[in-house]
file query-v1.csv (CSV, N, CA and C atoms)
chain,number,residue,atom,x,y,z
A,1,MET,N,-21.1,-185.7,195.1
A,1,MET,CA,-20.8,-185.6,193.7
A,1,MET,C,-20.5,-187.1,193.2
A,2,ARG,N,-20.9,-187.3,191.9
A,2,ARG,CA,-20.8,-188.6,191.3
A,2,ARG,C,-19.8,-188.5,190.2
A,3,ALA,N,-18.8,-189.4,190.1
A,3,ALA,CA,-17.9,-189.5,189.1
A,3,ALA,C,-18.0,-190.9,188.3
A,4,ALA,N,-17.9,-190.8,187.0
A,4,ALA,CA,-17.8,-192.1,186.2
A,4,ALA,C,-16.4,-192.3,185.8
A,5,VAL,N,-15.8,-193.4,186.1
A,5,VAL,CA,-14.5,-193.7,185.7
A,5,VAL,C,-14.5,-194.8,184.6
A,6,VAL,N,-13.9,-194.6,183.5
A,6,VAL,CA,-13.8,-195.6,182.5
A,6,VAL,C,-12.4,-195.9,182.1
A,7,ASP,N,-12.1,-197.2,182.3
A,7,ASP,CA,-10.7,-197.7,182.1
A,7,ASP,C,-10.8,-199.2,181.9
A,8,ASP,N,-10.2,-199.7,180.8
A,8,ASP,CA,-10.3,-201.1,180.6
A,8,ASP,C,-9.4,-201.9,181.5
A,9,ASP,N,-8.5,-201.3,182.2
A,9,ASP,CA,-7.6,-201.9,183.2
A,9,ASP,C,-8.3,-201.9,184.5
A,10,ARG,N,-8.8,-203.1,185.0
A,10,ARG,CA,-9.5,-203.2,186.2
A,10,ARG,C,-8.8,-202.6,187.4
A,11,ALA,N,-7.5,-202.9,187.5
A,11,ALA,CA,-6.6,-202.5,188.6
A,11,ALA,C,-6.5,-201.0,188.6
A,12,ASP,N,-6.3,-200.3,187.5
A,12,ASP,CA,-6.2,-198.9,187.4
A,12,ASP,C,-7.6,-198.2,187.8
A,13,ALA,N,-8.7,-198.8,187.3
A,13,ALA,CA,-10.0,-198.3,187.6
A,13,ALA,C,-10.3,-198.4,189.1
A,14,ALA,N,-9.9,-199.5,189.7
A,14,ALA,CA,-10.1,-199.7,191.1
A,14,ALA,C,-9.3,-198.7,191.9
A,15,LEU,N,-8.1,-198.5,191.5
A,15,LEU,CA,-7.3,-197.5,192.2
A,15,LEU,C,-7.9,-196.1,192.2
A,16,VAL,N,-8.4,-195.7,191.0
A,16,VAL,CA,-9.0,-194.4,190.9
A,16,VAL,C,-10.3,-194.3,191.7
A,17,ARG,N,-11.1,-195.4,191.6
A,17,ARG,CA,-12.3,-195.5,192.4
A,17,ARG,C,-12.0,-195.3,193.9
A,18,ILE,N,-11.0,-196.0,194.4
A,18,ILE,CA,-10.7,-195.9,195.9
A,18,ILE,C,-10.3,-194.5,196.2
A,19,GLU,N,-9.4,-193.9,195.4
A,19,GLU,CA,-8.9,-192.6,195.7
A,19,GLU,C,-10.1,-191.6,195.7
A,20,LEU,N,-11.0,-191.7,194.8
A,20,LEU,CA,-12.1,-190.8,194.7
A,20,LEU,C,-13.1,-191.0,195.9
A,21,GLU,N,-13.4,-192.3,196.2
A,21,GLU,CA,-14.3,-192.6,197.3
A,21,GLU,C,-13.7,-192.1,198.6
A,22,ASP,N,-12.4,-192.2,198.8
A,22,ASP,CA,-11.7,-191.7,200.0
A,22,ASP,C,-11.8,-190.2,200.1
A,23,ALA,N,-12.0,-189.5,199.0
A,23,ALA,CA,-12.2,-188.0,199.0
A,23,ALA,C,-13.6,-187.6,199.0
A,24,GLY,N,-14.5,-188.6,199.2
A,24,GLY,CA,-16.0,-188.3,199.4
A,24,GLY,C,-16.8,-188.4,198.1
A,25,TRP,N,-16.3,-188.9,197.0
A,25,TRP,CA,-17.0,-189.0,195.8
A,25,TRP,C,-17.8,-190.3,195.7
A,26,GLU,N,-18.9,-190.3,195.1
A,26,GLU,CA,-19.6,-191.6,194.7
A,26,GLU,C,-19.0,-191.9,193.3
A,27,VAL,N,-18.7,-193.2,193.1
A,27,VAL,CA,-18.0,-193.6,191.8
A,27,VAL,C,-18.7,-194.7,191.2
A,28,ASP,N,-18.9,-194.6,189.8
A,28,ASP,CA,-19.3,-195.7,189.0
A,28,ASP,C,-18.1,-196.1,188.1
A,29,VAL,N,-17.8,-197.3,188.0
A,29,VAL,CA,-16.7,-197.8,187.1
A,29,VAL,C,-17.2,-198.5,185.9
A,30,TYR,N,-16.7,-198.1,184.8
A,30,TYR,CA,-17.1,-198.7,183.5
A,30,TYR,C,-15.8,-199.2,182.9
A,31,LEU,N,-15.8,-200.4,182.3
A,31,LEU,CA,-14.6,-201.1,181.7
A,31,LEU,C,-14.5,-200.8,180.2
A,32,SER,N,-15.4,-200.0,179.7
A,32,SER,CA,-15.3,-199.7,178.3
A,32,SER,C,-16.0,-198.3,178.1
A,33,GLY,N,-15.5,-197.6,177.1
A,33,GLY,CA,-16.1,-196.3,176.7
A,33,GLY,C,-17.5,-196.5,176.3
A,34,ALA,N,-17.8,-197.6,175.6
A,34,ALA,CA,-19.1,-197.8,175.1
A,34,ALA,C,-20.1,-198.0,176.2
A,35,ALA,N,-19.7,-198.6,177.3
A,35,ALA,CA,-20.6,-198.8,178.5
A,35,ALA,C,-20.9,-197.4,179.1
A,36,LEU,N,-20.0,-196.6,179.2
A,36,LEU,CA,-20.2,-195.3,179.8
A,36,LEU,C,-21.1,-194.4,178.9
A,37,VAL,N,-20.8,-194.4,177.6
A,37,VAL,CA,-21.6,-193.6,176.7
A,37,VAL,C,-23.1,-194.1,176.7
A,38,ASP,N,-23.3,-195.5,176.7
A,38,ASP,CA,-24.6,-196.0,176.8
A,38,ASP,C,-25.3,-195.6,178.1
A,39,ALA,N,-24.6,-195.6,179.2
A,39,ALA,CA,-25.3,-195.1,180.5
A,39,ALA,C,-25.7,-193.7,180.4
A,40,VAL,N,-24.8,-192.8,179.8
A,40,VAL,CA,-25.1,-191.4,179.7
A,40,VAL,C,-26.3,-191.2,178.8
A,41,ARG,N,-26.4,-191.9,177.7
A,41,ARG,CA,-27.5,-191.8,176.7
A,41,ARG,C,-28.8,-192.3,177.4
A,42,ARG,N,-28.7,-193.2,178.4
A,42,ARG,CA,-29.9,-193.7,179.1
A,42,ARG,C,-30.3,-192.7,180.3
A,43,GLY,N,-29.5,-191.6,180.4
A,43,GLY,CA,-29.9,-190.7,181.4
A,43,GLY,C,-29.1,-190.8,182.7
A,44,LEU,N,-28.2,-191.7,182.8
A,44,LEU,CA,-27.4,-191.9,184.0
A,44,LEU,C,-26.1,-191.1,183.9
A,45,CYS,N,-26.3,-189.8,184.0
A,45,CYS,CA,-25.2,-188.9,183.7
A,45,CYS,C,-24.5,-188.5,185.0
A,46,PRO,N,-23.2,-188.7,185.1
A,46,PRO,CA,-22.5,-188.4,186.4
A,46,PRO,C,-22.2,-186.9,186.4
A,47,ASP,N,-21.6,-186.4,187.4
A,47,ASP,CA,-21.2,-185.0,187.5
A,47,ASP,C,-19.9,-184.7,186.7
A,48,VAL,N,-19.1,-185.8,186.6
A,48,VAL,CA,-17.8,-185.7,185.9
A,48,VAL,C,-17.4,-187.1,185.4
A,49,ALA,N,-16.7,-187.1,184.3
A,49,ALA,CA,-16.2,-188.4,183.8
A,49,ALA,C,-14.7,-188.4,183.8
A,50,VAL,N,-14.1,-189.5,184.2
A,50,VAL,CA,-12.7,-189.7,184.1
A,50,VAL,C,-12.4,-190.8,183.1
A,51,VAL,N,-11.7,-190.4,182.0
A,51,VAL,CA,-11.6,-191.3,180.9
A,51,VAL,C,-10.1,-191.6,180.6
A,52,ASP,N,-9.8,-192.9,180.6
A,52,ASP,CA,-8.4,-193.3,180.2
A,52,ASP,C,-8.4,-193.2,178.6
A,53,LEU,N,-7.3,-192.6,178.1
A,53,LEU,CA,-7.2,-192.4,176.7
A,53,LEU,C,-6.9,-193.7,175.9
A,54,VAL,N,-6.1,-194.6,176.5
A,54,VAL,CA,-5.6,-195.7,175.8
A,54,VAL,C,-6.5,-196.9,176.2
A,55,MET,N,-7.5,-197.2,175.4
A,55,MET,CA,-8.4,-198.4,175.6
A,55,MET,C,-8.7,-199.0,174.2
A,56,PRO,N,-9.2,-200.3,174.3
A,56,PRO,CA,-9.7,-200.8,173.0
A,56,PRO,C,-10.9,-200.0,172.5
A,57,PRO,N,-11.2,-200.1,171.2
A,57,PRO,CA,-12.3,-199.3,170.7
A,57,PRO,C,-13.6,-199.5,171.5
A,58,PRO,N,-14.3,-198.4,171.7
A,58,PRO,CA,-13.8,-197.0,171.3
A,58,PRO,C,-12.8,-196.5,172.3
A,59,ASP,N,-11.7,-196.0,171.7
A,59,ASP,CA,-10.6,-195.5,172.6
A,59,ASP,C,-11.1,-194.3,173.3
A,60,GLY,N,-10.2,-193.7,174.1
A,60,GLY,CA,-10.5,-192.5,175.0
A,60,GLY,C,-11.0,-191.3,174.1
A,61,PRO,N,-10.2,-190.9,173.1
A,61,PRO,CA,-10.7,-189.8,172.3
A,61,PRO,C,-12.0,-190.0,171.7
A,62,THR,N,-12.3,-191.2,171.2
A,62,THR,CA,-13.6,-191.5,170.6
A,62,THR,C,-14.7,-191.5,171.6
A,63,THR,N,-14.4,-192.0,172.8
A,63,THR,CA,-15.3,-192.0,173.9
A,63,THR,C,-15.7,-190.6,174.3
A,64,ILE,N,-14.7,-189.7,174.3
A,64,ILE,CA,-14.9,-188.3,174.7
A,64,ILE,C,-15.8,-187.7,173.7
A,65,ARG,N,-15.5,-187.9,172.4
A,65,ARG,CA,-16.4,-187.3,171.3
A,65,ARG,C,-17.8,-187.8,171.5
A,66,LEU,N,-18.0,-189.1,171.7
A,66,LEU,CA,-19.4,-189.6,171.9
A,66,LEU,C,-20.0,-189.1,173.1
A,67,LEU,N,-19.3,-188.9,174.2
A,67,LEU,CA,-19.9,-188.2,175.4
A,67,LEU,C,-20.3,-186.8,175.1
A,68,ARG,N,-19.5,-186.1,174.3
A,68,ARG,CA,-19.8,-184.7,174.0
A,68,ARG,C,-21.1,-184.7,173.2
A,69,ASP,N,-21.3,-185.7,172.3
A,69,ASP,CA,-22.6,-185.8,171.5
A,69,ASP,C,-23.8,-186.1,172.5
A,70,ALA,N,-23.6,-186.9,173.5
A,70,ALA,CA,-24.6,-187.3,174.3
A,70,ALA,C,-24.9,-186.3,175.5
A,71,ALA,N,-23.9,-185.7,176.0
A,71,ALA,CA,-24.0,-184.7,177.1
A,71,ALA,C,-22.9,-183.7,177.0
A,72,ALA,N,-23.2,-182.7,176.2
A,72,ALA,CA,-22.2,-181.7,175.8
A,72,ALA,C,-21.5,-181.0,177.0
A,73,SER,N,-22.3,-180.8,178.1
A,73,SER,CA,-21.7,-180.1,179.2
A,73,SER,C,-21.0,-180.9,180.2
A,74,LEU,N,-21.0,-182.3,180.0
A,74,LEU,CA,-20.4,-183.2,181.0
A,74,LEU,C,-18.9,-182.9,181.1
A,75,PRO,N,-18.4,-182.5,182.3
A,75,PRO,CA,-16.9,-182.3,182.4
A,75,PRO,C,-16.2,-183.6,182.3
A,76,VAL,N,-15.0,-183.5,181.6
A,76,VAL,CA,-14.2,-184.8,181.4
A,76,VAL,C,-12.8,-184.5,181.8
A,77,VAL,N,-12.2,-185.5,182.5
A,77,VAL,CA,-10.8,-185.5,182.8
A,77,VAL,C,-10.2,-186.7,182.1
A,78,ALA,N,-9.2,-186.5,181.2
A,78,ALA,CA,-8.6,-187.6,180.5
A,78,ALA,C,-7.3,-188.0,181.2
A,79,LEU,N,-7.1,-189.3,181.3
A,79,LEU,CA,-5.9,-189.8,181.9
A,79,LEU,C,-5.0,-190.5,180.9
A,80,THR,N,-3.7,-190.3,180.9
A,80,THR,CA,-2.8,-191.0,180.0
A,80,THR,C,-1.4,-191.0,180.5
A,81,GLY,N,-0.7,-192.0,180.0
A,81,GLY,CA,0.7,-192.1,180.3
A,81,GLY,C,1.6,-191.3,179.4
A,82,MET,N,1.1,-191.0,178.2
A,82,MET,CA,1.9,-190.2,177.2
A,82,MET,C,0.9,-189.5,176.3
A,83,VAL,N,1.3,-188.3,175.9
A,83,VAL,CA,0.5,-187.5,175.1
A,83,VAL,C,1.2,-186.9,173.9
A,84,ARG,N,0.7,-187.0,172.7
A,84,ARG,CA,1.2,-186.4,171.6
A,84,ARG,C,0.6,-185.0,171.5
A,85,ASP,N,1.3,-184.1,170.8
A,85,ASP,CA,0.8,-182.7,170.7
A,85,ASP,C,-0.5,-182.7,170.0
A,86,SER,N,-0.7,-183.6,169.0
A,86,SER,CA,-2.0,-183.6,168.3
A,86,SER,C,-3.1,-184.0,169.3
A,87,ALA,N,-2.9,-184.9,170.2
A,87,ALA,CA,-3.9,-185.3,171.2
A,87,ALA,C,-4.2,-184.1,172.2
A,88,ARG,N,-3.1,-183.4,172.6
A,88,ARG,CA,-3.3,-182.2,173.4
A,88,ARG,C,-4.3,-181.2,172.8
A,89,VAL,N,-4.0,-180.9,171.5
A,89,VAL,CA,-4.9,-180.0,170.8
A,89,VAL,C,-6.3,-180.5,170.7
A,90,MET,N,-6.5,-181.7,170.3
A,90,MET,CA,-7.8,-182.3,170.2
A,90,MET,C,-8.5,-182.2,171.6
A,91,LEU,N,-7.8,-182.6,172.7
A,91,LEU,CA,-8.5,-182.6,174.0
A,91,LEU,C,-8.8,-181.2,174.4
A,92,GLY,N,-7.9,-180.2,174.1
A,92,GLY,CA,-8.2,-178.8,174.4
A,92,GLY,C,-9.4,-178.3,173.6
A,93,ASP,N,-9.5,-178.7,172.4
A,93,ASP,CA,-10.7,-178.3,171.6
A,93,ASP,C,-12.0,-178.9,172.1
A,94,LEU,N,-11.9,-180.0,172.8
A,94,LEU,CA,-13.1,-180.7,173.4
A,94,LEU,C,-13.3,-180.2,174.8
A,95,GLY,N,-12.5,-179.3,175.3
A,95,GLY,CA,-12.6,-178.8,176.7
A,95,GLY,C,-12.4,-179.9,177.8
A,96,VAL,N,-11.4,-180.7,177.5
A,96,VAL,CA,-11.1,-181.8,178.4
A,96,VAL,C,-9.8,-181.5,179.2
A,97,ALA,N,-9.8,-181.7,180.5
A,97,ALA,CA,-8.6,-181.6,181.3
A,97,ALA,C,-7.8,-182.8,181.2
A,98,LEU,N,-6.5,-182.7,181.2
A,98,LEU,CA,-5.6,-183.8,180.9
A,98,LEU,C,-4.7,-184.0,182.1
A,99,LEU,N,-4.6,-185.2,182.6
A,99,LEU,CA,-3.7,-185.6,183.7
A,99,LEU,C,-2.9,-186.8,183.2
A,100,ARG,N,-1.6,-186.7,183.6
A,100,ARG,CA,-0.6,-187.7,183.2
A,100,ARG,C,-0.5,-188.8,184.3
A,101,LYS,N,-0.5,-190.0,183.9
A,101,LYS,CA,-0.2,-191.1,184.8
A,101,LYS,C,1.3,-191.3,185.0
A,102,PRO,N,1.8,-191.7,186.1
A,102,PRO,CA,1.0,-191.9,187.3
A,102,PRO,C,0.6,-190.6,187.9
A,103,LEU,N,-0.5,-190.6,188.6
A,103,LEU,CA,-1.0,-189.3,189.1
A,103,LEU,C,-1.2,-189.5,190.6
A,104,THR,N,-1.3,-188.4,191.3
A,104,THR,CA,-1.6,-188.5,192.7
A,104,THR,C,-3.1,-188.3,193.0
A,105,ALA,N,-3.5,-188.8,194.1
A,105,ALA,CA,-4.9,-188.6,194.4
A,105,ALA,C,-5.3,-187.2,194.5
A,106,GLN,N,-4.4,-186.4,195.1
A,106,GLN,CA,-4.6,-185.0,195.3
A,106,GLN,C,-4.8,-184.3,193.9
A,107,ALA,N,-3.9,-184.6,192.9
A,107,ALA,CA,-4.0,-184.0,191.6
A,107,ALA,C,-5.4,-184.3,190.9
A,108,LEU,N,-5.8,-185.6,191.1
A,108,LEU,CA,-7.0,-186.0,190.4
A,108,LEU,C,-8.2,-185.3,191.1
A,109,VAL,N,-8.3,-185.3,192.4
A,109,VAL,CA,-9.4,-184.7,193.1
A,109,VAL,C,-9.4,-183.2,192.8
A,110,ALA,N,-8.2,-182.5,192.8
A,110,ALA,CA,-8.2,-181.1,192.5
A,110,ALA,C,-8.7,-180.8,191.1
A,111,ALA,N,-8.3,-181.7,190.1
A,111,ALA,CA,-8.8,-181.5,188.7
A,111,ALA,C,-10.3,-181.6,188.7
A,112,LEU,N,-10.9,-182.6,189.4
A,112,LEU,CA,-12.3,-182.8,189.3
A,112,LEU,C,-13.1,-181.7,190.0
A,113,GLU,N,-12.5,-181.2,191.1
A,113,GLU,CA,-13.2,-180.1,191.8
A,113,GLU,C,-13.1,-178.8,191.0
A,114,ALA,N,-12.1,-178.7,190.2
A,114,ALA,CA,-11.9,-177.5,189.4
A,114,ALA,C,-13.0,-177.4,188.3
A,115,LEU,N,-13.4,-178.6,187.8
A,115,LEU,CA,-14.4,-178.7,186.8
A,115,LEU,C,-15.7,-178.4,187.3
call {"tool": "encode", "arguments": {"input": "query-v1.csv", "output": "structure tokens"}}
result
Amino acid sequence: MRAAVVDDDRADAALVRIELEDAGWEVDVYLSGAALVDAVRRGLCPDVAVVDLVMPPPDGPTTIRLLRDAAASLPVVALTGMVRDSARVMLGDLGVALLRKPLTAQALVAALEAL
């Protein structure tokens, strides 16, 4: 299975990459939502995307909307340290699983496998 991880924080992205690779996943890391969306539009579609919600534009929610336009069936897990109720509703409407930071490797892998 291949996962795409998008996070503007290199250290956080590397941590997620290591945890997923240790669980047997192939991982591509993108440091911006725009880079991931561009890759998906070019046909490089992963099995699942892991998207940090708090990033410079395009932020996580915008990235997720753009991914839905490019690949509607792509499963997405959103990562965040805090969530407003309005964000929960929006993510639920987009069919996105939400995990709060800090997260355990087991929780992330379980969420990805569930998708």
call {"tool": "residues_around", "arguments": {"input": "query-v1.csv", "residues": "Arg17 in chain A", "least_positions_apart": "5", "cutoff": "8 Å", "atoms": "all atoms listed in the file", "output": "ChimeraX atom specification"}}
result
/A:5,11-12,22-23,25-29
call {"tool": "residues_around", "arguments": {"input": "query-v1.csv", "residues": "Leu115 in chain A", "least_positions_apart": "3", "cutoff": "8 Å", "atoms": "only N, CA and C atoms", "output": "list of chain:residue names"}}
result
A:Asp47, A:Val48, A:Pro75, A:Val76, A:Val109, A:Ala110, A:Ala111, A:Leu112
call {"tool": "residues_around", "arguments": {"input": "query-v1.csv", "residues": "Cys45 in chain A", "least_positions_apart": "3", "cutoff": "8 Å", "atoms": "only N, CA and C atoms", "output": "NGL selection string"}}
result
:A and (2-4 or 39-42 or 48-49 or 71 or 74)
call {"tool": "select_by_dssp", "arguments": {"input": "query-v1.csv", "residues": "chain A", "states": "strand (DSSP E)", "output": "list in words"}}
result
Arg2, Ala3, Ala4, Val5, Val6, Glu26, Val27, Asp28, Val29, Tyr30, Val48, Ala49, Val50, Val51, Asp52, Val76, Val77, Ala78, Leu79, Thr80, Ala97, Leu98, Leu99 and Arg100 of chain A
call {"tool": "write_last_selection", "arguments": {"input": "query-v1.csv", "atoms": "N, CA and C atoms", "output": "PDB file, keeping the file's coordinate frame"}}
result
ATOM      1  N   ARG A   2     -20.900-187.300 191.900  1.00  0.00           N
ATOM      2  CA  ARG A   2     -20.800-188.600 191.300  1.00  0.00           C
ATOM      3  C   ARG A   2     -19.800-188.500 190.200  1.00  0.00           C
ATOM      4  N   ALA A   3     -18.800-189.400 190.100  1.00  0.00           N
ATOM      5  CA  ALA A   3     -17.900-189.500 189.100  1.00  0.00           C
ATOM      6  C   ALA A   3     -18.000-190.900 188.300  1.00  0.00           C
ATOM      7  N   ALA A   4     -17.900-190.800 187.000  1.00  0.00           N
ATOM      8  CA  ALA A   4     -17.800-192.100 186.200  1.00  0.00           C
ATOM      9  C   ALA A   4     -16.400-192.300 185.800  1.00  0.00           C
ATOM     10  N   VAL A   5     -15.800-193.400 186.100  1.00  0.00           N
ATOM     11  CA  VAL A   5     -14.500-193.700 185.700  1.00  0.00           C
ATOM     12  C   VAL A   5     -14.500-194.800 184.600  1.00  0.00           C
ATOM     13  N   VAL A   6     -13.900-194.600 183.500  1.00  0.00           N
ATOM     14  CA  VAL A   6     -13.800-195.600 182.500  1.00  0.00           C
ATOM     15  C   VAL A   6     -12.400-195.900 182.100  1.00  0.00           C
ATOM     16  N   GLU A  26     -18.900-190.300 195.100  1.00  0.00           N
ATOM     17  CA  GLU A  26     -19.600-191.600 194.700  1.00  0.00           C
ATOM     18  C   GLU A  26     -19.000-191.900 193.300  1.00  0.00           C
ATOM     19  N   VAL A  27     -18.700-193.200 193.100  1.00  0.00           N
ATOM     20  CA  VAL A  27     -18.000-193.600 191.800  1.00  0.00           C
ATOM     21  C   VAL A  27     -18.700-194.700 191.200  1.00  0.00           C
ATOM     22  N   ASP A  28     -18.900-194.600 189.800  1.00  0.00           N
ATOM     23  CA  ASP A  28     -19.300-195.700 189.000  1.00  0.00           C
ATOM     24  C   ASP A  28     -18.100-196.100 188.100  1.00  0.00           C
ATOM     25  N   VAL A  29     -17.800-197.300 188.000  1.00  0.00           N
ATOM     26  CA  VAL A  29     -16.700-197.800 187.100  1.00  0.00           C
ATOM     27  C   VAL A  29     -17.200-198.500 185.900  1.00  0.00           C
ATOM     28  N   TYR A  30     -16.700-198.100 184.800  1.00  0.00           N
ATOM     29  CA  TYR A  30     -17.100-198.700 183.500  1.00  0.00           C
ATOM     30  C   TYR A  30     -15.800-199.200 182.900  1.00  0.00           C
ATOM     31  N   VAL A  48     -19.100-185.800 186.600  1.00  0.00           N
ATOM     32  CA  VAL A  48     -17.800-185.700 185.900  1.00  0.00           C
ATOM     33  C   VAL A  48     -17.400-187.100 185.400  1.00  0.00           C
ATOM     34  N   ALA A  49     -16.700-187.100 184.300  1.00  0.00           N
ATOM     35  CA  ALA A  49     -16.200-188.400 183.800  1.00  0.00           C
ATOM     36  C   ALA A  49     -14.700-188.400 183.800  1.00  0.00           C
ATOM     37  N   VAL A  50     -14.100-189.500 184.200  1.00  0.00           N
ATOM     38  CA  VAL A  50     -12.700-189.700 184.100  1.00  0.00           C
ATOM     39  C   VAL A  50     -12.400-190.800 183.100  1.00  0.00           C
ATOM     40  N   VAL A  51     -11.700-190.400 182.000  1.00  0.00           N
ATOM     41  CA  VAL A  51     -11.600-191.300 180.900  1.00  0.00           C
ATOM     42  C   VAL A  51     -10.100-191.600 180.600  1.00  0.00           C
ATOM     43  N   ASP A  52      -9.800-192.900 180.600  1.00  0.00           N
ATOM     44  CA  ASP A  52      -8.400-193.300 180.200  1.00  0.00           C
ATOM     45  C   ASP A  52      -8.400-193.200 178.600  1.00  0.00           C
ATOM     46  N   VAL A  76     -15.000-183.500 181.600  1.00  0.00           N
ATOM     47  CA  VAL A  76     -14.200-184.800 181.400  1.00  0.00           C
ATOM     48  C   VAL A  76     -12.800-184.500 181.800  1.00  0.00           C
ATOM     49  N   VAL A  77     -12.200-185.500 182.500  1.00  0.00           N
ATOM     50  CA  VAL A  77     -10.800-185.500 182.800  1.00  0.00           C
ATOM     51  C   VAL A  77     -10.200-186.700 182.100  1.00  0.00           C
ATOM     52  N   ALA A  78      -9.200-186.500 181.200  1.00  0.00           N
ATOM     53  CA  ALA A  78      -8.600-187.600 180.500  1.00  0.00           C
ATOM     54  C   ALA A  78      -7.300-188.000 181.200  1.00  0.00           C
ATOM     55  N   LEU A  79      -7.100-189.300 181.300  1.00  0.00           N
ATOM     56  CA  LEU A  79      -5.900-189.800 181.900  1.00  0.00           C
ATOM     57  C   LEU A  79      -5.000-190.500 180.900  1.00  0.00           C
ATOM     58  N   THR A  80      -3.700-190.300 180.900  1.00  0.00           N
ATOM     59  CA  THR A  80      -2.800-191.000 180.000  1.00  0.00           C
ATOM     60  C   THR A  80      -1.400-191.000 180.500  1.00  0.00           C
ATOM     61  N   ALA A  97      -9.800-181.700 180.500  1.00  0.00           N
ATOM     62  CA  ALA A  97      -8.600-181.600 181.300  1.00  0.00           C
ATOM     63  C   ALA A  97      -7.800-182.800 181.200  1.00  0.00           C
ATOM     64  N   LEU A  98      -6.500-182.700 181.200  1.00  0.00           N
ATOM     65  CA  LEU A  98      -5.600-183.800 180.900  1.00  0.00           C
ATOM     66  C   LEU A  98      -4.700-184.000 182.100  1.00  0.00           C
ATOM     67  N   LEU A  99      -4.600-185.200 182.600  1.00  0.00           N
ATOM     68  CA  LEU A  99      -3.700-185.600 183.700  1.00  0.00           C
ATOM     69  C   LEU A  99      -2.900-186.800 183.200  1.00  0.00           C
ATOM     70  N   ARG A 100      -1.600-186.700 183.600  1.00  0.00           N
ATOM     71  CA  ARG A 100      -0.600-187.700 183.200  1.00  0.00           C
ATOM     72  C   ARG A 100      -0.500-188.800 184.300  1.00  0.00           C
TER      73      ARG A 100
END
call {"tool": "atom_distance", "arguments": {"input": "query-v1.csv", "atom1": "atom N of Glu21 in chain A", "atom2": "CA of Val50 in chain A"}}
result
12.4 Å
call {"tool": "decode", "arguments": {"input": "query-v1.csv", "residues": "range 9-20 of chain A", "atoms": "N, CA, C and O atoms", "output": "PDB file, in the first residue's frame"}}
result
ATOM      1  N   ASP A   9       5.712  20.762   7.975  1.00  0.00           N
ATOM      2  CA  ASP A   9       6.730  20.575   9.002  1.00  0.00           C
ATOM      3  C   ASP A   9       7.527  19.316   8.659  1.00  0.00           C
ATOM      4  O   ASP A   9       7.010  18.197   8.759  1.00  0.00           O
ATOM      5  N   ARG A  10       8.766  19.493   8.229  1.00  0.00           N
ATOM      6  CA  ARG A  10       9.590  18.368   7.788  1.00  0.00           C
ATOM      7  C   ARG A  10       9.743  17.300   8.870  1.00  0.00           C
ATOM      8  O   ARG A  10       9.730  16.108   8.569  1.00  0.00           O
ATOM      9  N   ALA A  11       9.898  17.727  10.115  1.00  0.00           N
ATOM     10  CA  ALA A  11      10.092  16.770  11.208  1.00  0.00           C
ATOM     11  C   ALA A  11       8.838  15.933  11.417  1.00  0.00           C
ATOM     12  O   ALA A  11       8.922  14.708  11.591  1.00  0.00           O
ATOM     13  N   ASP A  12       7.663  16.566  11.413  1.00  0.00           N
ATOM     14  CA  ASP A  12       6.410  15.822  11.570  1.00  0.00           C
ATOM     15  C   ASP A  12       6.195  14.866  10.404  1.00  0.00           C
ATOM     16  O   ASP A  12       5.789  13.721  10.586  1.00  0.00           O
ATOM     17  N   ALA A  13       6.474  15.338   9.189  1.00  0.00           N
ATOM     18  CA  ALA A  13       6.309  14.490   8.004  1.00  0.00           C
ATOM     19  C   ALA A  13       7.251  13.288   8.076  1.00  0.00           C
ATOM     20  O   ALA A  13       6.855  12.164   7.761  1.00  0.00           O
ATOM     21  N   ALA A  14       8.479  13.513   8.517  1.00  0.00           N
ATOM     22  CA  ALA A  14       9.449  12.413   8.620  1.00  0.00           C
ATOM     23  C   ALA A  14       9.013  11.396   9.665  1.00  0.00           C
ATOM     24  O   ALA A  14       9.151  10.187   9.465  1.00  0.00           O
ATOM     25  N   LEU A  15       8.466  11.888  10.769  1.00  0.00           N
ATOM     26  CA  LEU A  15       7.994  10.986  11.820  1.00  0.00           C
ATOM     27  C   LEU A  15       6.862  10.092  11.319  1.00  0.00           C
ATOM     28  O   LEU A  15       6.877   8.877  11.540  1.00  0.00           O
ATOM     29  N   VAL A  16       5.906  10.687  10.622  1.00  0.00           N
ATOM     30  CA  VAL A  16       4.793   9.910  10.067  1.00  0.00           C
ATOM     31  C   VAL A  16       5.313   8.921   9.031  1.00  0.00           C
ATOM     32  O   VAL A  16       4.914   7.753   9.010  1.00  0.00           O
ATOM     33  N   ARG A  17       6.244   9.372   8.190  1.00  0.00           N
ATOM     34  CA  ARG A  17       6.826   8.483   7.176  1.00  0.00           C
ATOM     35  C   ARG A  17       7.481   7.274   7.823  1.00  0.00           C
ATOM     36  O   ARG A  17       7.242   6.124   7.423  1.00  0.00           O
ATOM     37  N   ILE A  18       8.288   7.499   8.835  1.00  0.00           N
ATOM     38  CA  ILE A  18       8.991   6.402   9.510  1.00  0.00           C
ATOM     39  C   ILE A  18       8.003   5.420  10.124  1.00  0.00           C
ATOM     40  O   ILE A  18       8.147   4.198   9.986  1.00  0.00           O
ATOM     41  N   GLU A  19       6.972   5.948  10.795  1.00  0.00           N
ATOM     42  CA  GLU A  19       5.981   5.071  11.436  1.00  0.00           C
ATOM     43  C   GLU A  19       5.253   4.216  10.400  1.00  0.00           C
ATOM     44  O   GLU A  19       5.025   3.026  10.612  1.00  0.00           O
ATOM     45  N   LEU A  20       4.886   4.829   9.281  1.00  0.00           N
ATOM     46  CA  LEU A  20       4.172   4.077   8.252  1.00  0.00           C
ATOM     47  C   LEU A  20       5.087   3.071   7.555  1.00  0.00           C
ATOM     48  O   LEU A  20       4.671   1.945   7.273  1.00  0.00           O
TER      49      LEU A  20
END
